[in-house]
Structure formats: structure tokens, C-alpha cells
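*Asks:* Encoded as C-alpha cells, here's the structure I'll be asking about.
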Amino acid sequence: TTLGGGFLTSALYVTQKSGTALRATIEGSVLNIILDILFIPQYKELGAVAATGSAMVYIAVRQWLALGEKVELKSAFAFVGKCFLFSLGAALPSLILPAMGLDYLALNFLVFAGAFVLLLLWLKPLSEEHCGIIAGIQPRFGNWAKPFVRSQKI
């Protein structure tokens, strides 16, 4: 999911590589079954998680490589990497709550959402160009994104 599996399948359909998307999904499903058979007897639930996670990574990497044949992707990796790091950074404060005996889903969500917004306000990861793209897609979101835009240095 972190590697953009849902996005990649749609992008492959748009770039008319739907056969590749389907093949990658089938290959990943077969890999998942094989890994389940190998891992679950010995590792139980952890084996199932490892098998499914490995299959999902395989599918995403296979789809990234296929999409890279049609579209230049290197510039997207920096932005996707930043998004991943912001999400990971925002998740860290919510790891403290269980240690304090406050292991509640709603509270964890509020702490994560608050930390994520504060992190975005502090680091301002969007450029004016990003804000323009967002406003072009949905004008209301363009105004919403302005607090997260870093100022242009002259």
C-alpha cells in the first residue's frame, strides 16, 4: 500500500498496459499462496502477514517497473518518499500512547492526525507549483493547501 499499489493499477490501465497490471496481480496472488503454504505452518499469523506483505511488495515493484517503461517516474519518487516519511514521523507520537496505558483507536487517530498536520505546517513540503496543481484539480483544495506551501526565496 505504501508503494502505491492502488494508484499503479489505475495508472497502468490509463497507459494501456492493463495486461501487465493483471499479470502482476495474478503472479502476486500465486506468490502469496506459495508463501502462505511455506510460512503459515511454522510462523502462524506472522507467517501470513509476511507472505501477504511480500506478495504486495512484489506486485507494487513489478507495476512500478512496468509503468516506468511508459512514464518518467524518478521525479515522483522524491515526493512519494517525503509523503512516506511525513506519515512515519506522524505515527511516532502515537506509539507513546500504549506505553502510557492509553491504547484507544480514536485517541491514536487524533494524535496521528494532529502530528501530521503540525509536521506539514512546520516543514511546509509543498511548492507553489504543487499548490497550483492542487488548485487546478479542485479549487477549494488549493486554498486549503496554502498553509503547507514553502515561500519562494528570491
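Residue numbering restarts at 1 for every chain of the C-alpha cells, chains are lettered A, B, ... in their displayed order, and ligands are numbered from 1 as they appear.
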I want to know what sits within 9 Å of A:Cys131, based on only C-alpha atoms, with residues of the same chain fewer than 3 positions away left out; could you give that as a VMD selection string?

*Replies:* chain A and resid 126 to 128 134 to 136 141 to 143 145 to 146 148 to 149

*Asks:* Can you write just those residues out, N, CA, C and O atoms, as a PDB file, in the first residue's frame?

*Replies:*
ATOM      1  N   LEU A 126       5.108  21.511   0.377  1.00  0.00           N
ATOM      2  CA  LEU A 126       4.593  21.804  -0.956  1.00  0.00           C
ATOM      3  C   LEU A 126       5.236  23.056  -1.537  1.00  0.00           C
ATOM      4  O   LEU A 126       5.551  24.002  -0.815  1.00  0.00           O
ATOM      5  N   SER A 127       5.397  23.066  -2.850  1.00  0.00           N
ATOM      6  CA  SER A 127       5.892  24.252  -3.543  1.00  0.00           C
ATOM      7  C   SER A 127       4.702  24.986  -4.145  1.00  0.00           C
ATOM      8  O   SER A 127       3.577  24.488  -4.156  1.00  0.00           O
ATOM      9  N   GLU A 128       4.947  26.170  -4.682  1.00  0.00           N
ATOM     10  CA  GLU A 128       3.887  26.927  -5.363  1.00  0.00           C
ATOM     11  C   GLU A 128       3.336  26.113  -6.528  1.00  0.00           C
ATOM     12  O   GLU A 128       2.143  26.151  -6.809  1.00  0.00           O
ATOM     13  N   ILE A 134      -2.779  21.374  -7.350  1.00  0.00           N
ATOM     14  CA  ILE A 134      -3.909  21.028  -6.475  1.00  0.00           C
ATOM     15  C   ILE A 134      -5.104  21.914  -6.791  1.00  0.00           C
ATOM     16  O   ILE A 134      -6.233  21.434  -6.901  1.00  0.00           O
ATOM     17  N   ALA A 135      -4.865  23.223  -6.965  1.00  0.00           N
ATOM     18  CA  ALA A 135      -5.959  24.153  -7.271  1.00  0.00           C
ATOM     19  C   ALA A 135      -6.573  23.843  -8.635  1.00  0.00           C
ATOM     20  O   ALA A 135      -7.779  24.020  -8.833  1.00  0.00           O
ATOM     21  N   GLY A 136      -5.763  23.364  -9.571  1.00  0.00           N
ATOM     22  CA  GLY A 136      -6.281  23.002 -10.886  1.00  0.00           C
ATOM     23  C   GLY A 136      -7.193  21.785 -10.825  1.00  0.00           C
ATOM     24  O   GLY A 136      -8.152  21.672 -11.593  1.00  0.00           O
ATOM     25  N   PHE A 141      -9.381  22.941  -2.645  1.00  0.00           N
ATOM     26  CA  PHE A 141      -8.198  22.349  -2.028  1.00  0.00           C
ATOM     27  C   PHE A 141      -6.970  23.230  -2.220  1.00  0.00           C
ATOM     28  O   PHE A 141      -6.027  23.159  -1.444  1.00  0.00           O
ATOM     29  N   GLY A 142      -6.954  24.044  -3.272  1.00  0.00           N
ATOM     30  CA  GLY A 142      -5.843  24.971  -3.485  1.00  0.00           C
ATOM     31  C   GLY A 142      -5.707  25.938  -2.327  1.00  0.00           C
ATOM     32  O   GLY A 142      -4.605  26.202  -1.841  1.00  0.00           O
ATOM     33  N   ASN A 143      -6.826  26.488  -1.852  1.00  0.00           N
ATOM     34  CA  ASN A 143      -6.797  27.386  -0.689  1.00  0.00           C
ATOM     35  C   ASN A 143      -6.433  26.632   0.578  1.00  0.00           C
ATOM     36  O   ASN A 143      -5.730  27.140   1.440  1.00  0.00           O
ATOM     37  N   ALA A 145      -4.476  24.107   0.817  1.00  0.00           N
ATOM     38  CA  ALA A 145      -3.068  23.699   0.795  1.00  0.00           C
ATOM     39  C   ALA A 145      -2.099  24.843   1.065  1.00  0.00           C
ATOM     40  O   ALA A 145      -0.931  24.605   1.367  1.00  0.00           O
ATOM     41  N   LYS A 146      -2.551  26.089   0.978  1.00  0.00           N
ATOM     42  CA  LYS A 146      -1.641  27.240   1.112  1.00  0.00           C
ATOM     43  C   LYS A 146      -0.820  27.259   2.404  1.00  0.00           C
ATOM     44  O   LYS A 146       0.351  27.628   2.369  1.00  0.00           O
ATOM     45  N   PHE A 148       0.595  24.955   3.803  1.00  0.00           N
ATOM     46  CA  PHE A 148       1.640  23.938   3.704  1.00  0.00           C
ATOM     47  C   PHE A 148       2.657  24.234   2.600  1.00  0.00           C
ATOM     48  O   PHE A 148       3.486  23.402   2.269  1.00  0.00           O
ATOM     49  N   VAL A 149       2.580  25.443   2.009  1.00  0.00           N
ATOM     50  CA  VAL A 149       3.455  25.814   0.902  1.00  0.00           C
ATOM     51  C   VAL A 149       4.622  26.631   1.443  1.00  0.00           C
ATOM     52  O   VAL A 149       4.426  27.606   2.181  1.00  0.00           O
TER      53      VAL A 149
END

*Asks:* Tell me, as number ranges by chain, which residues lie within 8 Å of stretch 76-89 of chain A, counting only C-alpha atoms; anything in the same chain fewer than 5 positions away does not count.

*Replies:* A: 2, 116, 119-120, 125

*Asks:* Output C-alpha atoms for every residue in the selection just made, as an mmCIF file, in the first residue's frame.

*Replies:*
data_model
loop_
_atom_site.group_PDB
_atom_site.id
_atom_site.type_symbol
_atom_site.label_atom_id
_atom_site.label_comp_id
_atom_site.auth_asym_id
_atom_site.auth_seq_id
_atom_site.Cartn_x
_atom_site.Cartn_y
_atom_site.Cartn_z
ATOM 1 C CA THR A 2 2.840 2.368 0.858
ATOM 2 C CA PHE A 116 0.745 15.001 10.709
ATOM 3 C CA LEU A 119 4.603 18.350 10.797
ATOM 4 C CA LEU A 120 3.267 19.679 7.486
ATOM 5 C CA PRO A 125 6.650 20.402 1.933
#

*Asks:* For A:Leu67, work out the shell of residues within 9 Å, counting only C-alpha atoms and skipping chain neighbours fewer than 6 positions away, then give it as a PyMOL selection string.

*Replies:* chain A and resi 8+11-12+15+17+73

*Asks:* I need the residues from that last selection saved to file as a PDB file, in the first residue's frame (with N, CA and C atoms), if you can.

*Replies:*
ATOM      1  N   LEU A   8      -0.988   2.489  -8.906  1.00  0.00           N
ATOM      2  CA  LEU A   8      -0.253   1.892 -10.019  1.00  0.00           C
ATOM      3  C   LEU A   8      -1.160   1.119 -10.963  1.00  0.00           C
ATOM      4  N   ALA A  11      -2.964   3.618 -13.038  1.00  0.00           N
ATOM      5  CA  ALA A  11      -2.042   4.260 -13.981  1.00  0.00           C
ATOM      6  C   ALA A  11      -1.694   3.324 -15.131  1.00  0.00           C
ATOM      7  N   LEU A  12      -1.531   2.045 -14.854  1.00  0.00           N
ATOM      8  CA  LEU A  12      -1.235   1.094 -15.929  1.00  0.00           C
ATOM      9  C   LEU A  12      -2.415   0.956 -16.882  1.00  0.00           C
ATOM     10  N   THR A  15      -2.307   4.038 -19.114  1.00  0.00           N
ATOM     11  CA  THR A  15      -1.221   3.966 -20.099  1.00  0.00           C
ATOM     12  C   THR A  15      -1.349   2.754 -21.014  1.00  0.00           C
ATOM     13  N   LYS A  17      -1.576  -0.442 -20.387  1.00  0.00           N
ATOM     14  CA  LYS A  17      -0.794  -1.622 -20.012  1.00  0.00           C
ATOM     15  C   LYS A  17      -1.599  -2.453 -19.014  1.00  0.00           C
ATOM     16  N   LEU A  73       9.382   8.406 -13.989  1.00  0.00           N
ATOM     17  CA  LEU A  73       8.929   8.325 -12.599  1.00  0.00           C
ATOM     18  C   LEU A  73       9.925   8.859 -11.572  1.00  0.00           C
TER      19      LEU A  73
END

*Asks:* Choose the residue, out of A:Ala66, A:Ser151, A:Leu102, A:Ala91, that has the smallest atom-to-atom separation from A:Gly19; count only C-alpha atoms.

*Replies:*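 Using only C-alpha atoms, A:Gly19 sits closest to A:Ala66.
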
*Asks:* From the set A:Phe7, A:Val30, A:Val49, A:Pro93, which residue has the shortest atom-to-atom contact distance to A:Trp64, counting only C-alpha atoms?

*Replies:*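 Between A:Phe7, A:Val30, A:Val49, A:Pro93, the residue approaching A:Trp64 most closely is A:Phe7.
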
*Asks:* To one decimal place in Å, what is the distance between atom CA of A:Pro98 and atom CA of A:Val111?

*Replies:*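 Straight-line distance from atom CA of A:Pro98 to atom CA of A:Val111 works out to 12.1 Å.
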
*Asks:* Quick one: residues within 10 Å of A:Asp36, only C-alpha atoms, excluding same-chain residues fewer than 2 positions away - as a PDB file with C-alpha atoms, in the first residue's frame?

*Replies:*
ATOM      1  CA  VAL A  30       0.248 -17.144  -6.768  1.00  0.00           C
ATOM      2  CA  LEU A  31       3.319 -15.993  -4.832  1.00  0.00           C
ATOM      3  CA  ASN A  32       1.106 -15.233  -1.823  1.00  0.00           C
ATOM      4  CA  ILE A  33      -0.398 -18.745  -1.886  1.00  0.00           C
ATOM      5  CA  ILE A  34       3.022 -20.380  -2.146  1.00  0.00           C
ATOM      6  CA  LEU A  38       5.548 -22.297   3.358  1.00  0.00           C
ATOM      7  CA  PHE A  39       5.225 -19.783   6.215  1.00  0.00           C
ATOM      8  CA  ILE A  40       1.891 -20.358   7.986  1.00  0.00           C
ATOM      9  CA  PRO A  41       2.581 -23.847   9.379  1.00  0.00           C
ATOM     10  CA  TYR A  43       5.052 -18.979  11.856  1.00  0.00           C
ATOM     11  CA  LYS A  44       1.210 -18.899  12.142  1.00  0.00           C
ATOM     12  CA  GLU A  45      -0.241 -15.350  11.900  1.00  0.00           C
ATOM     13  CA  GLY A  47       3.797 -16.070   8.507  1.00  0.00           C
ATOM     14  CA  ALA A  48       0.524 -14.994   6.892  1.00  0.00           C
ATOM     15  CA  VAL A  49       1.429 -11.346   7.365  1.00  0.00           C
ATOM     16  CA  ALA A  50       4.917 -11.881   5.918  1.00  0.00           C
ATOM     17  CA  ALA A  51       3.545 -13.808   2.930  1.00  0.00           C
ATOM     18  CA  THR A  52       0.892 -11.239   2.106  1.00  0.00           C
TER      19      THR A  52
END

*Asks:* Can you measure atom CA of A:Lys70 to atom CA of A:Ile137 for me? One decimal in Å is fine.

*Replies:*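 A separation of 22.9 Å between them.
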
*Asks:* Could you check how far atom CA of A:Glu27 sits from atom CA of A:Gly53, in Å to one decimal?

*Replies:* 13.9 Å

*Asks:* Just list as a PyMOL selection string whatever in chain A DSSP marks as helix (DSSP H, G or I).

*Replies:* chain A and resi 5-14+18-68+74-94+96-99+105-123+128-137+139-148
